[in-house]
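Undergrad: Structure file coords_20.cif, mmCIF, C-alpha atoms, is pasted below:
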```cif
data_input
loop_
_atom_site.label_atom_id
_atom_site.label_comp_id
_atom_site.auth_asym_id
_atom_site.auth_seq_id
_atom_site.Cartn_x
_atom_site.Cartn_y
_atom_site.Cartn_z
CA MET X 858 -47.60 19.31 17.37
CA LYS X 859 -48.49 16.77 14.73
CA LEU X 860 -50.49 17.91 11.70
CA VAL X 861 -51.96 15.32 9.36
CA ILE X 862 -52.89 16.48 5.86
CA LEU X 863 -55.49 14.27 4.17
CA GLY X 864 -55.21 14.68 0.44
CA GLY X 865 -51.50 15.16 1.06
CA GLY X 866 -50.66 14.62 -2.60
CA GLY X 867 -52.93 17.51 -3.57
CA PHE X 868 -51.60 20.46 -5.55
CA ARG X 869 -52.22 23.14 -2.90
CA VAL X 870 -50.47 21.36 -0.02
CA PRO X 871 -47.27 23.46 -0.47
CA LEU X 872 -49.29 26.55 0.45
CA VAL X 873 -50.05 25.04 3.86
CA TYR X 874 -46.47 23.92 4.40
CA GLY X 875 -45.18 27.33 3.34
CA ALA X 876 -47.29 28.96 6.05
CA LEU X 877 -45.94 26.51 8.64
CA LEU X 878 -42.35 27.37 7.67
CA GLY X 879 -42.91 30.95 8.82
CA ASP X 880 -44.09 29.92 12.29
CA HIS X 881 -41.26 29.63 14.81
CA ALA X 882 -43.22 30.26 18.01
CA GLU X 883 -43.62 27.85 20.89
CA GLY X 884 -46.34 25.25 20.33
CA ARG X 885 -45.91 25.28 16.55
CA VAL X 886 -46.40 22.31 14.23
CA THR X 887 -43.19 20.24 14.23
CA GLU X 888 -44.40 17.14 12.38
CA VAL X 889 -46.38 16.95 9.16
CA VAL X 890 -47.79 13.66 7.88
CA LEU X 891 -49.10 13.58 4.31
CA HIS X 892 -51.78 11.00 3.56
CA ASP X 893 -53.07 10.20 0.10
CA LEU X 894 -54.29 7.17 -1.81
CA ASP X 895 -51.86 7.95 -4.66
CA ALA X 896 -48.23 7.24 -3.75
CA ALA X 897 -46.87 8.96 -6.88
CA ARG X 898 -48.68 12.22 -6.06
CA LEU X 899 -47.43 11.99 -2.48
CA GLY X 900 -43.88 11.67 -3.75
CA ALA X 901 -44.25 14.67 -6.06
CA ILE X 902 -45.57 16.95 -3.33
CA ALA X 903 -42.99 15.70 -0.82
CA ARG X 904 -40.29 16.83 -3.28
CA VAL X 905 -41.81 20.31 -3.48
CA LEU X 906 -41.97 20.54 0.32
CA ALA X 907 -38.35 19.42 0.63
CA GLU X 908 -37.25 22.29 -1.63
CA GLN X 909 -39.42 24.72 0.33
CA ALA X 910 -37.75 23.64 3.57
CA ASP X 911 -34.21 23.85 2.22
CA GLY X 912 -32.26 26.27 4.39
CA VAL X 913 -35.16 26.95 6.77
CA PRO X 914 -34.13 26.29 10.39
CA ASP X 915 -36.34 23.95 12.40
CA ALA X 916 -38.58 23.17 9.43
CA PRO X 917 -41.38 20.71 10.35
CA SER X 918 -40.49 17.14 9.45
CA VAL X 919 -42.47 15.58 6.61
CA THR X 920 -43.45 11.94 6.18
CA ALA X 921 -45.89 10.39 3.73
CA THR X 922 -48.15 7.36 3.92
CA THR X 923 -51.08 5.74 2.13
CA ASP X 924 -52.29 4.19 5.42
CA LEU X 925 -55.00 6.38 6.95
CA ASP X 926 -54.91 4.80 10.41
CA GLU X 927 -51.13 5.16 10.58
CA ALA X 928 -51.43 8.82 9.62
CA LEU X 929 -54.13 9.67 12.17
CA ARG X 930 -52.66 8.12 15.31
CA GLY X 931 -51.40 10.81 17.67
CA ALA X 932 -52.62 13.70 15.52
CA ASP X 933 -53.23 17.08 17.13
CA PHE X 934 -54.75 18.59 13.99
CA VAL X 935 -56.14 16.96 10.86
CA PHE X 936 -56.36 19.07 7.73
CA SER X 937 -58.79 17.49 5.26
CA ALA X 938 -58.47 18.49 1.61
CA ILE X 939 -59.50 15.36 -0.26
CA ARG X 940 -61.03 15.17 -3.74
CA VAL X 941 -63.16 12.06 -4.17
CA GLY X 942 -63.09 11.12 -7.84
CA GLY X 943 -60.17 13.42 -8.61
CA LEU X 944 -60.23 16.18 -11.19
CA GLU X 945 -61.62 13.75 -13.76
CA GLY X 946 -64.65 13.53 -11.49
CA ARG X 947 -64.95 17.31 -11.41
CA ALA X 948 -64.76 17.50 -15.20
CA ALA X 949 -67.48 14.84 -15.45
CA ASP X 950 -69.68 16.78 -13.02
CA GLU X 951 -69.47 19.78 -15.36
CA ARG X 952 -70.12 17.78 -18.54
CA VAL X 953 -73.25 16.03 -17.24
CA ALA X 954 -74.80 19.25 -15.96
CA LEU X 955 -74.01 21.38 -19.00
CA ALA X 956 -75.56 18.75 -21.26
CA GLU X 957 -78.81 19.51 -19.38
CA ASP X 958 -78.25 23.28 -19.67
CA VAL X 959 -77.64 23.69 -15.96
CA LEU X 960 -74.57 24.71 -13.99
CA GLY X 961 -72.00 22.04 -13.17
CA GLN X 962 -69.63 24.01 -10.92
CA GLU X 963 -68.04 21.85 -8.22
CA THR X 964 -69.70 23.49 -5.20
CA VAL X 965 -72.79 25.14 -6.70
CA GLY X 966 -75.88 23.59 -8.24
CA ALA X 967 -75.91 20.15 -9.85
CA GLY X 968 -72.13 19.74 -9.81
CA GLY X 969 -71.96 20.55 -6.11
CA ILE X 970 -74.69 18.02 -5.34
CA ALA X 971 -72.92 15.28 -7.32
CA TYR X 972 -69.63 16.08 -5.61
CA GLY X 973 -71.30 16.06 -2.21
CA LEU X 974 -73.05 12.72 -2.84
CA ARG X 975 -69.75 10.95 -3.51
CA THR X 976 -67.73 12.85 -0.88
CA VAL X 977 -70.00 12.72 2.19
CA PRO X 978 -69.70 8.93 2.75
CA VAL X 979 -65.89 9.20 2.63
CA ALA X 980 -65.84 12.25 4.93
CA VAL X 981 -68.10 10.49 7.42
CA ASP X 982 -65.77 7.49 7.47
CA ILE X 983 -62.83 9.83 8.12
CA ALA X 984 -64.71 11.49 10.99
CA ARG X 985 -65.37 8.11 12.57
CA ARG X 986 -61.71 7.11 12.22
CA VAL X 987 -60.62 10.39 13.79
CA ARG X 988 -63.03 9.85 16.69
CA GLU X 989 -61.54 6.40 17.26
CA LEU X 990 -57.82 7.01 16.63
CA ALA X 991 -57.32 10.69 17.53
CA PRO X 992 -60.28 11.71 19.71
CA ASP X 993 -58.57 14.89 20.93
CA ALA X 994 -57.66 16.08 17.44
CA TRP X 995 -59.24 19.08 15.76
CA VAL X 996 -60.28 18.63 12.14
CA ILE X 997 -59.89 21.58 9.78
CA ASN X 998 -62.00 20.87 6.73
CA PHE X 999 -61.21 22.35 3.34
CA THR X 1000 -62.81 19.50 1.38
CA ASN X 1001 -65.53 20.80 -0.92
CA PRO X 1002 -68.44 21.37 -0.78
CA ALA X 1003 -66.93 22.72 2.45
CA GLY X 1004 -70.07 23.66 4.39
CA LEU X 1005 -71.89 20.45 3.49
CA VAL X 1006 -68.90 18.22 4.29
CA THR X 1007 -68.24 20.05 7.57
CA GLU X 1008 -71.85 19.49 8.62
CA ALA X 1009 -71.63 15.80 7.72
CA MET X 1010 -68.50 15.40 9.85
CA SER X 1011 -69.93 17.45 12.73
CA ARG X 1012 -72.65 14.82 13.21
CA HIS X 1013 -69.87 12.47 14.37
CA ILE X 1014 -67.23 14.69 16.00
CA GLY X 1015 -69.29 17.75 16.93
CA ASP X 1016 -67.59 21.13 17.14
CA ARG X 1017 -64.13 19.58 16.78
CA VAL X 1018 -64.50 19.95 13.02
CA ILE X 1019 -64.24 23.49 11.65
CA GLY X 1020 -64.55 24.38 7.98
CA ILE X 1021 -62.40 27.00 6.29
CA CYS X 1022 -62.55 28.79 2.95
CA ASP X 1023 -60.41 31.51 1.43
CA SER X 1024 -63.23 33.13 -0.54
CA PRO X 1025 -64.73 35.45 2.14
CA VAL X 1026 -61.25 36.30 3.42
CA GLY X 1027 -60.14 37.30 -0.08
CA LEU X 1028 -63.29 39.41 -0.51
CA GLY X 1029 -62.73 41.19 2.79
CA ARG X 1030 -59.09 41.90 2.00
CA ARG X 1031 -59.96 43.38 -1.41
CA VAL X 1032 -62.65 45.64 0.05
CA ALA X 1033 -60.41 46.78 2.91
CA ARG X 1034 -57.59 47.56 0.49
CA VAL X 1035 -59.90 49.61 -1.79
CA LEU X 1036 -61.08 51.58 1.25
CA GLY X 1037 -57.52 52.36 2.28
CA GLY X 1038 -57.58 50.16 5.40
CA ASN X 1039 -55.24 47.48 6.66
CA PRO X 1040 -56.81 44.12 5.69
CA ASP X 1041 -55.28 42.51 8.78
CA GLU X 1042 -57.02 44.95 11.12
CA ALA X 1043 -60.45 45.38 9.51
CA PHE X 1044 -63.50 43.53 10.88
CA ILE X 1045 -65.53 41.87 8.13
CA ASP X 1046 -69.29 41.65 8.78
CA TYR X 1047 -70.04 38.58 6.68
CA VAL X 1048 -72.60 35.79 6.96
CA GLY X 1049 -74.23 33.02 4.94
CA LEU X 1050 -73.31 29.50 3.86
CA ASN X 1051 -70.07 28.43 2.27
CA HIS X 1052 -69.88 30.01 -1.21
CA LEU X 1053 -73.22 31.72 -0.49
CA GLY X 1054 -72.57 34.73 1.74
CA TRP X 1055 -72.64 38.51 1.77
CA LEU X 1056 -70.30 41.17 3.14
CA ARG X 1057 -72.68 43.62 4.84
CA GLY X 1058 -70.13 45.87 6.50
CA LEU X 1059 -66.41 46.42 6.95
CA ARG X 1060 -65.26 48.22 10.07
CA ILE X 1061 -61.96 50.06 10.08
CA VAL X 1062 -61.01 51.51 13.48
CA GLY X 1063 -64.59 50.84 14.61
CA ARG X 1064 -66.30 52.64 11.73
CA ASP X 1065 -68.29 50.89 9.00
CA GLU X 1066 -66.79 52.06 5.71
CA LEU X 1067 -68.98 50.00 3.37
CA PRO X 1068 -71.54 52.84 2.86
CA ARG X 1069 -68.69 55.02 1.55
CA LEU X 1070 -67.75 52.31 -0.94
CA LEU X 1071 -71.33 51.80 -2.14
CA ALA X 1072 -71.79 55.55 -2.61
CA ASP X 1073 -68.77 55.83 -4.92
CA PRO X 1074 -69.36 54.06 -8.30
CA GLU X 1075 -65.75 54.56 -9.41
CA LEU X 1076 -64.35 53.05 -6.21
CA LEU X 1077 -66.96 50.29 -6.25
CA GLY X 1078 -65.99 49.25 -9.77
CA SER X 1079 -62.28 49.21 -9.06
CA PHE X 1080 -61.98 45.66 -7.68
CA GLU X 1081 -62.89 42.11 -8.66
CA GLU X 1082 -66.47 41.89 -7.31
CA GLY X 1083 -67.37 45.34 -8.60
CA ARG X 1084 -66.36 44.34 -12.12
CA LEU X 1085 -67.92 40.89 -11.78
CA PHE X 1086 -71.38 41.91 -10.51
CA GLY X 1087 -71.57 45.50 -11.78
CA THR X 1088 -71.84 48.56 -9.56
CA ASP X 1089 -75.59 49.04 -10.07
CA TRP X 1090 -76.40 45.56 -8.78
CA LEU X 1091 -74.11 45.90 -5.76
CA ARG X 1092 -75.74 49.21 -4.85
CA SER X 1093 -79.17 47.60 -5.21
CA LEU X 1094 -78.14 44.81 -2.84
CA GLY X 1095 -76.49 47.19 -0.39
CA ALA X 1096 -73.86 44.49 0.18
CA ILE X 1097 -70.97 42.78 -1.59
CA PRO X 1098 -71.80 39.16 -2.43
CA ASN X 1099 -69.31 36.33 -2.36
CA GLU X 1100 -68.03 35.81 -5.90
CA TYR X 1101 -69.82 32.45 -6.09
CA LEU X 1102 -73.18 34.22 -5.98
CA HIS X 1103 -72.47 35.24 -9.57
CA TYR X 1104 -73.64 31.73 -10.47
CA TYR X 1105 -77.05 32.60 -8.97
CA TYR X 1106 -77.47 36.23 -10.00
CA PHE X 1107 -76.21 35.70 -13.57
CA ASN X 1108 -76.98 32.03 -14.07
CA ARG X 1109 -78.01 32.04 -17.73
CA GLU X 1110 -74.98 34.06 -18.79
CA THR X 1111 -72.61 31.84 -16.81
CA VAL X 1112 -74.05 28.56 -18.12
CA ARG X 1113 -73.77 29.89 -21.67
CA ALA X 1114 -70.16 30.97 -21.09
CA TYR X 1115 -69.31 27.53 -19.68
CA GLN X 1116 -70.94 25.82 -22.67
CA GLU X 1117 -69.06 28.01 -25.13
CA ALA X 1118 -65.70 27.72 -23.38
CA GLU X 1119 -62.98 25.66 -25.03
CA GLN X 1120 -62.60 23.78 -21.74
CA THR X 1121 -64.51 23.78 -18.48
CA ARG X 1122 -62.59 24.71 -15.33
CA GLY X 1123 -62.42 21.11 -14.16
CA ALA X 1124 -61.09 19.91 -17.50
CA PHE X 1125 -58.49 22.69 -17.55
CA LEU X 1126 -57.26 21.83 -14.05
CA ARG X 1127 -57.28 18.11 -14.83
CA ASP X 1128 -54.99 18.66 -17.80
CA GLN X 1129 -52.86 21.34 -16.16
CA GLN X 1130 -52.24 19.42 -12.97
CA GLY X 1131 -51.82 16.19 -14.93
CA GLY X 1132 -48.97 17.95 -16.71
CA PHE X 1133 -47.47 19.01 -13.39
CA TYR X 1134 -47.49 15.50 -11.90
CA ALA X 1135 -46.17 14.03 -15.16
CA GLU X 1136 -43.29 16.51 -15.12
CA MET X 1137 -42.60 15.67 -11.48
CA ALA X 1138 -42.05 12.04 -12.49
CA ARG X 1139 -38.74 13.24 -13.94
CA ALA X 1140 -36.09 13.12 -11.23
CA ALA X 1141 -34.35 16.18 -12.72
CA ALA X 1142 -37.47 18.38 -12.71
CA PRO X 1143 -37.10 21.50 -10.50
CA ALA X 1144 -39.91 20.70 -8.08
CA LEU X 1145 -40.64 24.06 -6.47
CA LYS X 1146 -40.30 26.09 -9.68
CA THR X 1147 -42.51 23.67 -11.61
CA TRP X 1148 -45.15 23.87 -8.89
CA ASP X 1149 -44.97 27.67 -8.61
CA ASP X 1150 -45.31 28.22 -12.36
CA THR X 1151 -48.35 25.93 -12.44
CA ARG X 1152 -49.91 27.70 -9.46
CA ALA X 1153 -49.52 31.15 -11.08
CA GLU X 1154 -51.39 30.00 -14.18
CA ARG X 1155 -54.10 28.43 -12.01
CA GLU X 1156 -54.70 31.70 -10.11
CA ALA X 1157 -54.76 33.84 -13.26
CA THR X 1158 -57.51 31.71 -14.85
CA TYR X 1159 -59.74 31.47 -11.75
CA MET X 1160 -63.47 31.98 -12.55
CA ALA X 1161 -62.57 32.90 -16.12
CA GLU X 1162 -66.03 31.94 -17.44
CA ASN X 1163 -67.74 34.27 -14.97
CA ARG X 1164 -65.51 37.17 -15.97
CA GLU X 1165 -66.23 36.37 -19.61
CA ALA X 1166 -69.99 36.38 -18.94
CA SER X 1167 -69.85 39.69 -17.08
CA GLY X 1168 -67.33 41.41 -19.36
CA ALA X 1169 -65.01 41.89 -16.39
CA GLY X 1170 -61.90 41.08 -18.42
CA GLU X 1171 -58.67 39.60 -17.11
CA ARG X 1172 -57.98 39.46 -13.39
CA ALA X 1173 -56.20 42.54 -12.09
CA GLU X 1174 -52.76 41.91 -10.59
CA GLN X 1175 -53.90 42.99 -7.11
CA ASP X 1176 -56.74 40.45 -7.26
CA LEU X 1177 -54.46 37.50 -7.98
CA GLU X 1178 -53.60 37.18 -4.28
CA SER X 1179 -55.61 34.32 -2.82
CA GLY X 1180 -57.63 34.75 0.32
CA GLY X 1181 -54.93 32.71 2.00
CA TYR X 1182 -56.79 29.66 3.31
CA GLU X 1183 -53.43 28.34 4.49
CA LYS X 1184 -53.04 31.48 6.64
CA VAL X 1185 -56.55 30.98 8.01
CA ALA X 1186 -55.67 27.37 8.85
CA LEU X 1187 -52.46 28.44 10.61
CA ALA X 1188 -54.24 31.20 12.56
CA LEU X 1189 -56.94 28.72 13.57
CA MET X 1190 -54.40 26.17 14.82
CA ARG X 1191 -52.48 28.85 16.72
CA ALA X 1192 -55.61 30.16 18.42
CA ILE X 1193 -56.65 26.69 19.59
CA ALA X 1194 -53.22 25.30 20.49
CA ARG X 1195 -51.98 28.43 22.29
CA ASP X 1196 -55.31 29.82 23.49
CA GLU X 1197 -54.59 33.00 21.52
CA ARG X 1198 -57.88 34.68 20.72
CA ALA X 1199 -58.48 35.35 17.05
CA THR X 1200 -61.45 36.43 14.93
CA LEU X 1201 -61.81 34.39 11.74
CA ILE X 1202 -64.55 33.68 9.20
CA LEU X 1203 -65.24 29.96 9.54
CA ASN X 1204 -67.78 27.24 8.84
CA VAL X 1205 -69.27 26.19 12.18
CA ARG X 1206 -72.56 25.00 13.65
CA ASN X 1207 -75.13 27.77 13.78
CA GLY X 1208 -76.33 27.58 17.36
CA THR X 1209 -78.56 30.67 17.67
CA THR X 1210 -76.68 32.87 15.18
CA LEU X 1211 -79.17 32.79 12.28
CA SER X 1212 -82.72 32.37 13.54
CA ALA X 1213 -83.94 31.02 10.19
CA LEU X 1214 -81.76 27.90 10.58
CA ASP X 1215 -81.58 25.23 13.26
CA ALA X 1216 -78.73 24.93 15.74
CA ASP X 1217 -76.90 22.13 13.90
CA ALA X 1218 -76.84 23.83 10.49
CA VAL X 1219 -73.29 24.73 9.50
CA ILE X 1220 -72.98 28.37 8.43
CA GLU X 1221 -70.11 30.66 7.42
CA VAL X 1222 -69.69 33.53 9.86
CA PRO X 1223 -67.08 35.49 11.85
CA CYS X 1224 -66.05 33.50 14.92
CA SER X 1225 -64.06 34.09 18.04
CA VAL X 1226 -61.51 31.29 18.40
CA ASP X 1227 -59.74 30.14 21.56
CA ALA X 1228 -58.55 26.88 23.13
CA ASN X 1229 -62.14 25.63 23.25
CA GLY X 1230 -62.69 26.04 19.54
CA ALA X 1231 -64.65 28.46 17.34
CA HIS X 1232 -67.64 30.41 18.63
CA PRO X 1233 -69.88 32.22 16.10
CA LEU X 1234 -70.34 35.91 16.76
CA SER X 1235 -73.74 37.57 16.80
CA VAL X 1236 -74.79 39.00 13.45
CA SER X 1237 -77.76 41.03 12.26
CA PRO X 1238 -80.49 39.12 10.37
CA LEU X 1239 -80.09 38.63 6.65
CA PRO X 1240 -82.56 40.45 4.37
CA GLY X 1241 -85.46 38.40 3.07
CA HIS X 1242 -83.99 37.61 -0.37
CA ALA X 1243 -80.76 36.31 1.20
CA THR X 1244 -82.61 34.35 3.91
CA GLY X 1245 -84.74 32.65 1.27
CA LEU X 1246 -81.72 31.60 -0.75
CA VAL X 1247 -79.79 30.39 2.30
CA CYS X 1248 -82.77 28.34 3.52
CA ALA X 1249 -83.37 26.83 0.08
CA VAL X 1250 -79.74 25.77 -0.36
CA LYS X 1251 -79.50 24.46 3.21
CA ALA X 1252 -82.59 22.33 2.53
CA VAL X 1253 -80.82 20.88 -0.51
CA GLU X 1254 -77.73 20.12 1.60
CA ARG X 1255 -79.91 18.26 4.08
CA GLU X 1256 -81.36 16.12 1.27
CA VAL X 1257 -77.81 15.32 0.10
CA LEU X 1258 -76.92 14.21 3.64
CA ALA X 1259 -80.08 12.11 3.85
CA ALA X 1260 -79.37 10.49 0.48
CA ALA X 1261 -75.77 9.73 1.46
CA GLU X 1262 -76.92 8.12 4.71
CA SER X 1263 -79.81 6.11 3.29
CA GLY X 1264 -78.52 5.35 -0.21
CA SER X 1265 -81.87 6.50 -1.58
CA LEU X 1266 -81.81 7.50 -5.24
CA ALA X 1267 -85.21 9.17 -4.83
CA THR X 1268 -83.79 11.42 -2.11
CA ALA X 1269 -80.84 12.30 -4.34
CA VAL X 1270 -83.28 13.24 -7.11
CA LYS X 1271 -85.11 15.42 -4.59
CA ALA X 1272 -81.87 17.22 -3.76
CA PHE X 1273 -81.28 18.03 -7.42
CA ALA X 1274 -84.91 19.06 -8.01
CA LEU X 1275 -85.05 21.44 -5.03
CA HIS X 1276 -81.92 23.35 -5.95
CA PRO X 1277 -82.69 26.92 -7.15
CA LEU X 1278 -80.48 26.42 -10.24
CA VAL X 1279 -82.22 23.22 -11.41
CA ASP X 1280 -85.54 24.14 -13.00
CA SER X 1281 -87.25 20.79 -13.57
CA VAL X 1282 -87.89 17.52 -11.75
CA THR X 1283 -87.43 15.76 -15.09
CA VAL X 1284 -83.99 17.34 -15.44
CA ALA X 1285 -83.21 16.35 -11.84
CA ARG X 1286 -83.97 12.71 -12.64
CA ARG X 1287 -81.73 12.80 -15.72
CA LEU X 1288 -78.95 14.43 -13.68
CA ALA X 1289 -79.09 11.75 -11.01
CA GLU X 1290 -78.97 8.96 -13.58
CA GLY X 1291 -76.28 10.74 -15.58
CA TYR X 1292 -74.04 11.08 -12.56
CA ARG X 1293 -74.60 7.48 -11.51
CA GLY X 1294 -73.50 6.50 -15.01
CA VAL X 1295 -70.14 8.29 -14.84
CA HIS X 1296 -69.25 7.95 -11.14
CA PRO X 1297 -68.71 4.43 -9.77
CA GLY X 1298 -68.74 6.01 -6.31
CA LEU X 1299 -72.46 6.72 -6.68
CA ALA X 1300 -73.43 3.10 -7.24
CA TYR X 1301 -74.71 3.03 -3.65
CA LEU X 1302 -77.72 5.14 -4.69
CA ARG X 1303 -80.65 2.85 -5.49
#
```
Transcribe the structure of this file into structure tokens.
TA:
Amino acid sequence: MKLVILGGGGFRVPLVYGALLGDHAEGRVTEVVLHDLDAARLGAIARVLAEQADGVPDAPSVTATTDLDEALRGADFVFSAIRVGGLEGRAADERVALAEDVLGQETVGAGGIAYGLRTVPVAVDIARRVRELAPDAWVINFTNPAGLVTEAMSRHIGDRVIGICDSPVGLGRRVARVLGGNPDEAFIDYVGLNHLGWLRGLRIVGRDELPRLLADPELLGSFEEGRLFGTDWLRSLGAIPNEYLHYYYFNRETVRAYQEAEQTRGAFLRDQQGGFYAEMARAAAPALKTWDDTRAEREATYMAENREASGAGERAEQDLESGGYEKVALALMRAIARDERATLILNVRNGTTLSALDADAVIEVPCSVDANGAHPLSVSPLPGHATGLVCAVKAVEREVLAAAESGSLATAVKAFALHPLVDSVTVARRLAEGYRGVHPGLAYLR
């Protein structure tokens, strides 16, 4: 099978290739094509992949190109992990928002809206090119904001685009481990939007063990989300929120921590990864070791401002393991290509799963996956507070899609103004103008 990775010069690509190297079954990926607009970044990542493959029998071949059409022709799967505007764009998203005393995180609030406004037009163009050049291909979307971008692409290629995220998987694995279960065998009852969901149950050998966790304050406070949100709040909710809900539940504290930080997350990653790619320009640089050292630092500093705001302290060693989005991507490809049934938490069209949303709304929910794609499983209704938040944020996503399609600045302002973390229409107008001033890619808004 041929796998095309869009954003192939991106820092996390070796995670995907590493997962492929462990797959030796029939019907596996045998050809990987990296596509990126930056030839130097492509070359750097290709070097890392070459060292990963050294000594591995039957390693998938790797080629690189800056020609999108060339990359897509004949693709069986397309993995999309692009970053429109690069990490400099992410850092700018944070700066503009924080200057208005609102959150600038890349997928949540003002920053997420700005990122979506410049990414959706590019993602839509990719979907159209896939439909033309590789109509039988499946698109696995990891491009953020993942739910919003997946929904934009689904309007052109339907259910052949599936969004993935490692956040709910990581949450489920941590909870299963705390409860003494095997994370690979537990069923995670989780639902919401991307970066806006709740774990409402975790079944181990058919029994829901979440009530036992919520009843034990010591156990509840022993893992990342317990320290981040506090045990009292988790017991009040009766669920374990996705870590990104910390931006909603503790917004003032998080904004203050971001404003007081020496560097925002985007600025840190811009500088850190800039150092990695600069080092990789040296022919003698040990590619895999340089990448691995950079990755370890990246994981250790993840959501540092939130932990600072909550007093959660440094990340525990057992929490440094990622949710494994590359493993989710591999499991998804296996299930479709080999018709091997799997249950995975994915971003797919709602259908009739959540009655508060329409059928085309992309949600994040456990799905049964087979050769015909991903099928959302039935879930119990969300409580009122969660339904209200999901509906409000989905309405904002729809305004972002409308603005991207029409080029209407007024609609973009509406998207900012309606977001729960933006508290003023006046601020929304300044945000829209501020982002247009720093992002050439938003010049289409008028």
Undergrad: Which is closest to Leu860 (chain X) among X:Ala903, X:Val889, X:Val1279, X:Ala994, if we use all atoms listed in the file?
TA: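 Counting all atoms listed in the file, the residue closest to Leu860 (chain X) is X:Val889.
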Undergrad: When distances are computed from all atoms listed in the file, which of X:Pro917, X:Gly1245, X:Gly1230, X:Pro1240 shows the smallest separation from Val1018 (chain X)?
TA: X:Gly1230
Undergrad: Quick one: residues within 8 Å of Leu863 (chain X), all atoms listed in the file, excluding same-chain residues fewer than 4 positions away - as a VMD selection string?
TA: chain X and resid 891 to 893 935 to 939
Undergrad: Starting from the shown file, work through the PyMOL selection byres ((chain X and resi 1225) around 7) and note down what comes out as a short mmCIF file (atom, residue, chain, number, x, y, z; two decimals) with C-alpha atoms, in the frame of the given file.
TA:
```
data_model
loop_
_atom_site.label_atom_id
_atom_site.label_comp_id
_atom_site.auth_asym_id
_atom_site.auth_seq_id
_atom_site.Cartn_x
_atom_site.Cartn_y
_atom_site.Cartn_z
CA ARG X 1198 -57.88 34.68 20.72
CA ALA X 1199 -58.48 35.35 17.05
CA THR X 1200 -61.45 36.43 14.93
CA LEU X 1201 -61.81 34.39 11.74
CA CYS X 1224 -66.05 33.50 14.92
CA VAL X 1226 -61.51 31.29 18.40
CA ASP X 1227 -59.74 30.14 21.56
CA ALA X 1231 -64.65 28.46 17.34
CA HIS X 1232 -67.64 30.41 18.63
CA PRO X 1233 -69.88 32.22 16.10
CA LEU X 1234 -70.34 35.91 16.76
#
```
Undergrad: Evaluated on this file, the PyMOL selection byres ((chain X and resi 1228) around 7) picks out some residues - which ones are they, written as a list in words?
TA: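 Going through the file, the PyMOL selection byres ((chain X and resi 1228) around 7) ends up selecting Ala1192, Ile1193, Ala1194, Arg1195, Asp1196, Asp1227, Asn1229 and Gly1230 of chain X.
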Undergrad: Can you tell me which residues surround Ala1213 (chain X) at a distance of at most 9 Å, considering all atoms listed in the file, apart from same-chain residues fewer than 6 positions away, and format the answer as a ChimeraX atom specification?
TA: /X:1238,1244,1247-1248
Undergrad: Suppose you want the space between CA of Asp1023 (chain X) and CA of Leu1085 (chain X); what is it in Å?
TA: 17.9 Å
Undergrad: Enter the distance from CA of Ala1272 (chain X) to CA of Tyr1292 (chain X), in Å, rounded to one decimal.
TA: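 A separation of 13.3 Å between them.
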Undergrad: How many Å separate CA of Asp1217 (chain X) from CA of Leu925 (chain X)?
TA: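 Interatomic distance here is 27.9 Å.
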Undergrad: Could you state which residues are captured by the PyMOL selection byres ((chain X and resi 1280) around 12) in this file, as a ChimeraX atom specification?
TA: /X:957-960,966-967,1108-1109,1273-1279,1281-1286,1288
Undergrad: Of the residues X:Leu1005, X:Glu1075, X:Ile997, X:Ala901, which is the one nearest to Gly1020 (chain X), using all atoms listed in the file?
TA: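 Distance minimum relative to Gly1020 (chain X) lands on X:Ile997.
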Undergrad: Please list as a PyMOL selection string every residue within 12 Å of Val987 (chain X), counting only C-alpha atoms and excluding residues in the same chain fewer than 4 positions away.
TA: chain X and resi 861+863+925-937+980-983+991-997+1010-1011+1013-1015+1017-1018
Undergrad: Which of these, X:Ala907, X:Arg1060, X:Leu1187, X:Ala1157, has the shortest distance to Leu877 (chain X) once you count only C-alpha atoms?
TA: X:Leu1187
Undergrad: Of the candidates X:Ala1140, X:Phe1133, X:Ile1045, X:Val905, which one gets nearest to Ile1097 (chain X) if we count all atoms listed in the file?
TA: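 Of all the options, X:Ile1045 lies closest to Ile1097 (chain X).
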Undergrad: Rank nothing, just name the residue among X:Arg869, X:Arg1012, X:Arg1191, X:Arg975 nearest to Leu1299 (chain X), using only C-alpha atoms.
TA: X:Arg975
Undergrad: Fewer than 3 positions away in the same chain doesn't count, so skip those; otherwise give me all residues within 12 Å of Tyr1106 (chain X), counting all atoms listed in the file, as number ranges by chain.
TA: X: 1053, 1085-1087, 1090-1091, 1094, 1098-1103, 1109-1112, 1163, 1166-1167, 1242-1243, 1246, 1277-1278
Undergrad: Show which residues sit within 7 Å of Met858 (chain X), as a list in words. Count all atoms listed in the file, and ignore same-chain residues fewer than 6 positions away.
TA: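 Final neighbour list, sorted by chain and number: Gly884, Arg885, Val886, Thr887, Glu888 and Asp933 of chain X.
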Undergrad: Emit as AutoDock Vina command-line options the padded axis-aligned box for all listed atoms of region 951-960 of chain X, 6 Å per side, with centre and edge lengths in Å to one decimal.
TA:
```
--center_x -74.1 --center_y 20.4 --center_z -17.6 --size_x 21.3 --size_y 20.7 --size_z 19.3
```
